[in-house]
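Undergrad: My structure is in run-v1.txt, and what it holds is compact mmCIF, C-alpha atoms and all ligand atoms:
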```
# COMPACT_ATOMS: atom_id res chain seq x y z
CA MET A 1 -14.45 43.68 21.31
CA GLN A 2 -12.55 40.69 19.86
CA ARG A 3 -15.75 39.66 18.03
CA ASP A 4 -16.02 43.11 16.36
CA ALA A 5 -12.41 42.87 15.23
CA ASP A 6 -12.96 39.35 13.86
CA GLU A 7 -16.09 40.45 11.99
CA ALA A 8 -14.29 43.46 10.54
CA SER A 9 -11.39 41.27 9.52
CA SER A 10 -13.60 38.69 7.79
CA LEU A 11 -15.56 41.47 6.06
CA ASN A 12 -12.24 42.88 4.90
CA MET A 13 -11.18 39.48 3.56
CA ALA A 14 -14.51 39.08 1.75
CA PHE A 15 -14.03 42.52 0.23
CA PHE A 16 -10.57 41.68 -1.07
CA ARG A 17 -11.74 38.31 -2.40
CA SER A 18 -14.54 39.99 -4.32
CA VAL A 19 -12.33 42.71 -5.83
CA THR A 20 -11.32 41.54 -9.30
CA LEU A 21 -8.67 42.89 -11.65
CA SER A 22 -11.41 44.52 -13.68
CA ASP A 23 -12.40 46.57 -10.61
CA LEU A 24 -8.83 47.76 -10.18
CA THR A 25 -8.29 48.65 -13.84
CA PRO A 26 -11.31 49.81 -15.81
CA ALA A 27 -11.80 48.74 -19.41
CA ILE A 28 -10.18 50.93 -22.05
CA SER A 29 -12.18 51.78 -25.14
CA GLY A 30 -10.53 52.09 -28.56
CA ASP A 31 -11.58 52.32 -32.18
CA GLY A 32 -13.69 49.14 -32.57
CA VAL A 33 -11.95 47.38 -29.67
CA LEU A 34 -12.29 47.12 -25.91
CA LEU A 35 -9.29 46.37 -23.69
CA ARG A 36 -9.86 44.82 -20.29
CA PRO A 37 -7.93 42.64 -17.82
CA ALA A 38 -8.28 38.88 -18.35
CA GLN A 39 -10.68 36.92 -16.17
CA MET A 40 -11.28 33.21 -15.59
CA SER A 41 -14.40 33.27 -17.77
CA ASP A 42 -12.15 34.09 -20.79
CA CYS A 43 -10.37 30.74 -20.43
CA SER A 44 -12.15 28.72 -23.16
CA ALA A 45 -12.07 31.55 -25.71
CA TRP A 46 -8.37 32.21 -25.00
CA ILE A 47 -7.38 28.53 -25.32
CA ARG A 48 -9.36 28.19 -28.58
CA LEU A 49 -7.89 31.36 -30.09
CA ARG A 50 -4.30 30.51 -29.13
CA GLU A 51 -4.68 26.94 -30.41
CA GLU A 52 -6.11 28.14 -33.74
CA SER A 53 -3.29 30.72 -33.99
CA ARG A 54 -0.41 28.44 -32.92
CA GLU A 55 1.39 28.41 -36.29
CA PHE A 56 0.85 32.14 -36.77
CA LEU A 57 2.17 33.13 -33.32
CA THR A 58 4.89 30.69 -32.25
CA PRO A 59 7.67 31.98 -34.60
CA TRP A 60 7.44 35.37 -32.84
CA GLU A 61 6.95 34.40 -29.19
CA PRO A 62 8.89 32.73 -26.37
CA THR A 63 8.38 28.94 -26.56
CA TRP A 64 4.98 27.98 -25.17
CA PRO A 65 5.17 25.73 -22.08
CA ALA A 66 3.80 22.21 -22.79
CA ASP A 67 0.77 22.81 -20.55
CA ASP A 68 0.14 26.39 -21.73
CA LEU A 69 -3.28 25.75 -23.23
CA THR A 70 -4.80 24.17 -20.12
CA ARG A 71 -7.25 25.52 -17.57
CA ALA A 72 -4.74 25.13 -14.73
CA SER A 73 -2.12 27.12 -16.61
CA PHE A 74 -4.65 29.83 -17.49
CA ARG A 75 -5.62 30.07 -13.78
CA ARG A 76 -1.94 30.61 -12.89
CA ARG A 77 -1.70 33.19 -15.68
CA ILE A 78 -4.63 35.15 -14.23
CA ARG A 79 -3.05 35.03 -10.75
CA ARG A 80 0.27 36.25 -12.14
CA TYR A 81 -1.42 39.10 -14.02
CA ALA A 82 -3.20 40.12 -10.78
CA GLU A 83 -0.01 40.04 -8.70
CA ASP A 84 1.94 41.96 -11.34
CA GLN A 85 -0.76 44.59 -11.58
CA ARG A 86 -1.10 45.01 -7.82
CA SER A 87 2.65 45.51 -7.54
CA ASP A 88 2.72 47.92 -10.51
CA VAL A 89 5.05 45.61 -12.46
CA ALA A 90 2.86 44.84 -15.51
CA TYR A 91 -0.61 45.56 -16.89
CA ALA A 92 -2.04 42.85 -19.15
CA PHE A 93 -5.13 43.33 -21.28
CA PHE A 94 -7.21 41.12 -23.52
CA ILE A 95 -8.60 42.75 -26.66
CA PHE A 96 -12.25 42.27 -27.60
CA ARG A 97 -13.91 43.29 -30.86
CA LYS A 98 -16.62 45.74 -29.85
CA SER A 99 -19.17 44.66 -32.46
CA ASP A 100 -19.60 41.14 -31.01
CA ASN A 101 -17.43 41.04 -27.86
CA VAL A 102 -15.20 38.33 -29.37
CA LEU A 103 -11.69 37.90 -27.94
CA VAL A 104 -9.23 38.78 -30.72
CA GLY A 105 -5.83 39.17 -29.02
CA GLY A 106 -3.88 40.63 -26.14
CA LEU A 107 -1.33 43.26 -25.21
CA THR A 108 0.76 43.86 -22.11
CA LEU A 109 2.67 46.75 -20.68
CA ALA A 110 5.34 44.86 -18.76
CA ASN A 111 8.57 45.34 -16.88
CA ILE A 112 7.49 48.71 -15.52
CA ARG A 113 10.45 50.57 -14.08
CA ARG A 114 9.74 53.49 -11.77
CA GLY A 115 12.30 55.84 -10.20
CA CYS A 116 14.28 57.83 -12.72
CA ALA A 117 13.22 55.57 -15.66
CA GLN A 118 9.37 55.66 -15.59
CA ALA A 119 9.38 53.19 -18.49
CA GLY A 120 7.62 50.01 -19.57
CA SER A 121 7.81 47.45 -22.40
CA LEU A 122 4.95 46.78 -24.78
CA GLY A 123 4.16 43.27 -26.03
CA TYR A 124 1.23 42.12 -28.20
CA TRP A 125 -0.34 39.28 -30.16
CA MET A 126 -3.34 39.03 -32.47
CA GLY A 127 -5.34 35.88 -33.22
CA ALA A 128 -4.61 34.67 -36.76
CA ALA A 129 -8.20 35.05 -37.94
CA TYR A 130 -8.32 38.68 -36.79
CA ALA A 131 -4.94 39.92 -38.06
CA ARG A 132 -4.57 42.79 -40.55
CA GLN A 133 -7.93 44.30 -39.68
CA GLY A 134 -6.56 47.29 -37.75
CA HIS A 135 -7.35 45.84 -34.31
CA MET A 136 -3.82 46.06 -32.90
CA THR A 137 -3.34 49.59 -34.20
CA ALA A 138 -6.56 50.53 -32.38
CA ALA A 139 -5.49 48.66 -29.23
CA VAL A 140 -2.02 50.27 -29.06
CA ASN A 141 -3.50 53.72 -29.71
CA ALA A 142 -5.95 53.13 -26.85
CA LEU A 143 -3.29 51.83 -24.46
CA LEU A 144 -0.82 54.69 -24.89
CA PRO A 145 -2.94 57.33 -23.07
CA PHE A 146 -3.32 54.82 -20.20
CA ALA A 147 0.47 54.37 -20.13
CA PHE A 148 1.31 58.07 -20.26
CA ASP A 149 -1.63 59.75 -18.49
CA THR A 150 -2.82 57.13 -15.98
CA LEU A 151 0.41 55.29 -15.18
CA LYS A 152 2.44 58.47 -15.74
CA LEU A 153 5.13 56.67 -17.74
CA HIS A 154 7.67 58.74 -19.60
CA ARG A 155 8.66 56.06 -22.09
CA VAL A 156 7.07 52.97 -23.67
CA GLU A 157 9.50 50.58 -25.33
CA ALA A 158 8.96 47.73 -27.79
CA ALA A 159 11.27 45.30 -29.56
CA CYS A 160 10.82 43.06 -32.57
CA ILE A 161 12.73 40.71 -34.82
CA PRO A 162 13.87 42.44 -38.05
CA ALA A 163 11.88 39.89 -40.12
CA ASN A 164 8.59 40.78 -38.38
CA ALA A 165 7.15 43.14 -41.01
CA GLY A 166 3.74 43.33 -39.28
CA SER A 167 5.20 44.35 -35.94
CA ILE A 168 7.54 46.93 -37.49
CA ARG A 169 4.68 48.50 -39.46
CA LEU A 170 2.45 48.53 -36.36
CA LEU A 171 5.08 50.34 -34.28
CA GLU A 172 5.85 52.89 -36.97
CA LYS A 173 2.13 53.49 -37.54
CA THR A 174 1.52 54.11 -33.84
CA GLY A 175 4.32 56.66 -33.56
CA PHE A 176 7.23 54.63 -32.19
CA THR A 177 10.76 55.59 -33.20
CA ARG A 178 13.44 53.07 -34.04
CA GLU A 179 16.29 53.68 -31.59
CA GLY A 180 18.60 50.76 -31.96
CA PHE A 181 19.49 47.16 -32.42
CA ALA A 182 20.19 44.65 -29.67
CA ARG A 183 22.07 41.44 -30.41
CA GLN A 184 20.45 38.20 -29.21
CA TYR A 185 18.07 40.35 -27.15
CA LEU A 186 15.29 37.82 -26.42
CA CYS A 187 14.87 34.05 -26.65
CA ILE A 188 12.11 33.70 -29.23
CA ASP A 189 10.87 30.34 -30.48
CA GLY A 190 13.80 28.73 -28.67
CA ILE A 191 16.54 30.88 -30.27
CA TRP A 192 18.33 33.97 -28.93
CA GLN A 193 17.36 36.47 -31.59
CA ASP A 194 18.56 39.96 -32.54
CA HIS A 195 15.89 42.67 -32.12
CA LEU A 196 15.13 46.16 -33.37
CA LEU A 197 14.46 48.50 -30.43
CA TYR A 198 11.66 51.04 -30.61
CA ALA A 199 10.28 53.59 -28.14
CA LYS A 200 7.61 56.25 -27.84
CA LEU A 201 8.06 59.06 -25.33
CA GLU A 202 5.30 60.93 -23.54
CA GLY A 203 6.39 64.04 -25.42
CA ASP A 204 6.24 62.31 -28.83
CA ARG A 205 2.44 62.51 -28.82
C1 LIG B 301 2.09 42.09 -35.23
C2 LIG B 301 0.59 41.94 -34.99
C3 LIG B 301 0.32 42.04 -33.49
C4 LIG B 301 -0.16 43.06 -35.73
O1 LIG B 301 -1.53 42.96 -35.39
P1 LIG B 301 -2.67 43.35 -36.43
O2 LIG B 301 -3.97 43.43 -35.72
O3 LIG B 301 -2.56 42.45 -37.59
O4 LIG B 301 -2.19 44.82 -36.85
P2 LIG B 301 -3.01 45.88 -37.71
O5 LIG B 301 -4.09 45.21 -38.48
O6 LIG B 301 -3.38 46.99 -36.79
O7 LIG B 301 -1.91 46.34 -38.77
C5 LIG B 301 -0.89 47.29 -38.47
C6 LIG B 301 -0.11 47.54 -39.75
O8 LIG B 301 0.76 46.44 -39.99
C7 LIG B 301 0.51 45.90 -41.29
N1 LIG B 301 0.71 44.47 -41.20
C8 LIG B 301 0.11 43.59 -40.36
N2 LIG B 301 0.57 42.35 -40.59
C9 LIG B 301 1.48 42.46 -41.58
C10 LIG B 301 2.31 41.52 -42.24
N3 LIG B 301 2.28 40.21 -41.94
N4 LIG B 301 3.14 41.97 -43.21
C11 LIG B 301 3.19 43.27 -43.55
N5 LIG B 301 2.42 44.22 -42.93
C12 LIG B 301 1.58 43.81 -41.97
C13 LIG B 301 -0.91 46.27 -41.58
O9 LIG B 301 -1.18 46.20 -42.96
C14 LIG B 301 -0.97 47.67 -41.00
O10 LIG B 301 -0.33 48.62 -41.83
P3 LIG B 301 -1.17 49.52 -42.91
O11 LIG B 301 -2.27 50.18 -42.15
O12 LIG B 301 -0.14 50.45 -43.43
O13 LIG B 301 -1.70 48.57 -43.93
C15 LIG B 301 0.08 40.56 -35.52
O14 LIG B 301 0.41 40.46 -36.89
C16 LIG B 301 0.65 39.37 -34.78
O15 LIG B 301 0.15 39.00 -33.72
N6 LIG B 301 1.70 38.75 -35.35
C17 LIG B 301 2.25 37.52 -34.83
C18 LIG B 301 2.84 37.67 -33.44
C19 LIG B 301 3.77 38.85 -33.31
O16 LIG B 301 4.39 39.27 -34.25
N7 LIG B 301 3.88 39.40 -32.11
C20 LIG B 301 4.71 40.56 -31.84
C21 LIG B 301 6.11 40.20 -31.59
S1 LIG B 301 7.14 41.65 -31.48
```
Let me see the file written as structure tokens.
Ligand SMILES: CC(C)(COP(=O)(O)OP(=O)(O)OC[C@H]1O[C@@H](n2cnc3c(N)ncnc32)[C@H](O)[C@@H]1OP(=O)(O)O)[C@@H](O)C(=O)NCCC(=O)NCCS

TA:
Amino acid sequence: MQRDADEASSLNMAFFRSVTLSDLTPAISGDGVLLRPAQMSDCSAWIRLREESREFLTPWEPTWPADDLTRASFRRRIRRYAEDQRSDVAYAFFIFRKSDNVLVGGLTLANIRRGCAQAGSLGYWMGAAYARQGHMTAAVNALLPFAFDTLKLHRVEAACIPANAGSIRLLEKTGFTREGFARQYLCIDGIWQDHLLYAKLEGDR
């Protein structure tokens, strides 16, 4: 009897070990892009793309930890994404160009609030070499049905620095409405910076 229970338990453990994030959240197809959860095999491509895009991205992002572009840090990142997804706190996706399966950027639906809010915050980045080619527009347009129909969110929020013309245009193009202005809202590139607040509601579609 005990042996049966032990076997069942170890089978169970093996099952959970073999279930990856990609099994839990299927890939999302968009116009020329594919969104899927990050996996360890993306490590080299991610490090290369972020390194090549450092100057392009760092003015608009929280300060990168010193060890950010290392394998160990990427492994922790993947673990955090998995935990956040399992607990319905955040859903992180990498964006691949469909034509050649190259990693081009990422976007995350984070800080999911359930209860009477049913809201989440959208964040995104595009590799410098792939910017202004419509990839993030396609990725956001593909993610929104997942947010509203699959996750059943009522509201997706986004915030950006007033000087970020690309981000503002992206949000307006994908149907977000400017709702406000928050003083020193986020610490970006080491400075507490004012942000424009945007949102798209389920009913805005
Ligand atoms: C913002 C960002 C994600 C947009 O990604 P992208 O793949 O370049 O976006 P798209 O190609 O889909 O472009 C969306 C719109 O923004 C416009 N746009 C993009 N970059 C722009 C820029 N630097 N200045 C002005 N407009 C810009 C595009 O022309 C397009 O509008 P259009 O169709 O009317 O021409 C990308 O520029 C980026 O990663 N920037 C640095 C990091 C960052 O800003 N992160 C977000 C912080 S809130």

Undergrad: Taking only C-alpha atoms and all ligand atoms into account, which residues have an atom no farther than 8 Å from ligand LIG 301 (chain B)? I'd like them as a ChimeraX atom specification.

TA: /A:56-61,105,123-128,130-138,158-161,164-171,173

Undergrad: May I have the residues within 12 Å of Arg205 in chain A as an MDAnalysis selection string, using all atoms listed in the file and disregarding those fewer than 6 positions away in the same chain?

TA: chainID A and resid 141 144:145 148:149 154:156 174:177 199

Undergrad: If I take CA of Gly115 in chain A and CA of Phe146 in chain A, how far is one from the other in Å, to one decimal?

TA: 18.6 Å

Undergrad: In Å to one decimal, how far is CA of Gln193 in chain A from CA of Ile112 in chain A?

TA: 22.5 Å

Undergrad: Of the candidates A:Arg86, A:Arg50, A:Lys152, A:Lys200, which one gets nearest to Arg178 in chain A if we count all atoms listed in the file?

TA: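 Looking at the shortest contact to Arg178 in chain A, the residue is A:Lys200.
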
Undergrad: Could you give me, as a short mmCIF file (atom, residue, chain, number, x, y, z; two decimals) with C-alpha atoms, in the frame of the given file, the residues within 9 Å of Trp46 in chain A, counting all atoms listed in the file and dropping anything in the same chain fewer than 6 positions from it?

TA:
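part_13.cif, freshly written:
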```cif
data_model
loop_
_atom_site.label_atom_id
_atom_site.label_comp_id
_atom_site.auth_asym_id
_atom_site.auth_seq_id
_atom_site.Cartn_x
_atom_site.Cartn_y
_atom_site.Cartn_z
CA LEU A 69 -3.28 25.75 -23.23
CA PHE A 74 -4.65 29.83 -17.49
CA LEU A 103 -11.69 37.90 -27.94
CA VAL A 104 -9.23 38.78 -30.72
CA GLY A 105 -5.83 39.17 -29.02
#
```

Undergrad: Smallest atom-to-atom distance to Glu157 in chain A: which of A:Leu122, A:Leu196, A:Ala66, A:Ala92, using only C-alpha atoms?

TA: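 Among A:Leu122, A:Leu196, A:Ala66, A:Ala92, it is A:Leu122 that comes nearest to Glu157 in chain A.
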
Undergrad: Quick one, how far is CA of Thr108 in chain A from CA of Ile95 in chain A?

TA: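 It comes out at 10.5 Å.
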
Undergrad: In terms of the shortest atom-to-atom distance over only C-alpha atoms, which of A:Arg77, A:Ala182, A:Ile28, A:Pro65 is closest to Thr150 in chain A?

TA: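 That would be A:Ile28, the residue with the smallest distance to Thr150 in chain A.
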
Undergrad: Take the point (-0.1, 42.6, -12.8) as written in the file and pick out every residue within 10 Å of it, counting all atoms listed in the file; give the list as a PyMOL selection string.

TA: chain A and resi 21+37+77-93+108-111

Undergrad: For Ile47 in chain A, please output as a list in words all residues within 10 Å (counting all atoms listed in the file; exclusion window: fewer than 3 positions along the same chain).

TA: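 Answer for this query is Asp42, Cys43, Ser44, Arg50, Glu51, Glu52, Ser53, Asp68, Leu69, Thr70, Arg71 and Phe74 of chain A.
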
Undergrad: Produce a file of the selected residues containing C-alpha atoms, as a PDB file, in the frame of the given file.

TA:
```pdb
ATOM      1  CA  ASP A  42     -12.150  34.090 -20.790  1.00  0.00           C
ATOM      2  CA  CYS A  43     -10.370  30.740 -20.430  1.00  0.00           C
ATOM      3  CA  SER A  44     -12.150  28.720 -23.160  1.00  0.00           C
ATOM      4  CA  ARG A  50      -4.300  30.510 -29.130  1.00  0.00           C
ATOM      5  CA  GLU A  51      -4.680  26.940 -30.410  1.00  0.00           C
ATOM      6  CA  GLU A  52      -6.110  28.140 -33.740  1.00  0.00           C
ATOM      7  CA  SER A  53      -3.290  30.720 -33.990  1.00  0.00           C
ATOM      8  CA  ASP A  68       0.140  26.390 -21.730  1.00  0.00           C
ATOM      9  CA  LEU A  69      -3.280  25.750 -23.230  1.00  0.00           C
ATOM     10  CA  THR A  70      -4.800  24.170 -20.120  1.00  0.00           C
ATOM     11  CA  ARG A  71      -7.250  25.520 -17.570  1.00  0.00           C
ATOM     12  CA  PHE A  74      -4.650  29.830 -17.490  1.00  0.00           C
TER      13      PHE A  74
END
```

Undergrad: Select, from A:Leu153, A:Leu49, A:Arg97, A:Ala163, the residue with the minimum atom-to-atom distance to Gly120 in chain A, counting all atoms listed in the file.

TA: A:Leu153

Undergrad: Given all atoms listed in the file as the basis, pick out the residue of A:Asp100, A:Arg113, A:Ser121, A:Ala129 nearest to Leu197 in chain A.

TA: A:Ser121

Undergrad: Neighbours of Thr63 in chain A within 7 Å (all atoms listed in the file; same-chain residues fewer than 6 positions away dropped), as a list in words?

TA: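 Here the qualifying residues turn out to be Ile188, Asp189 and Gly190 of chain A.
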
Undergrad: In terms of the shortest atom-to-atom distance over only C-alpha atoms, which of A:Leu201, A:Val102, A:Cys187, A:Ala38 is closest to Ala119 in chain A?

TA: A:Leu201

Undergrad: Grab all the atoms of range 72-76 of chain A that the file lists, wrap them in a box along x, y and z, add 4 Å per side, and give me centre plus edge lengths in Å (one decimal) as JSON.

TA:
```
{"center_x": -3.8, "center_y": 27.9, "center_z": -15.2, "size_x": 11.7, "size_y": 13.5, "size_z": 12.6}
```
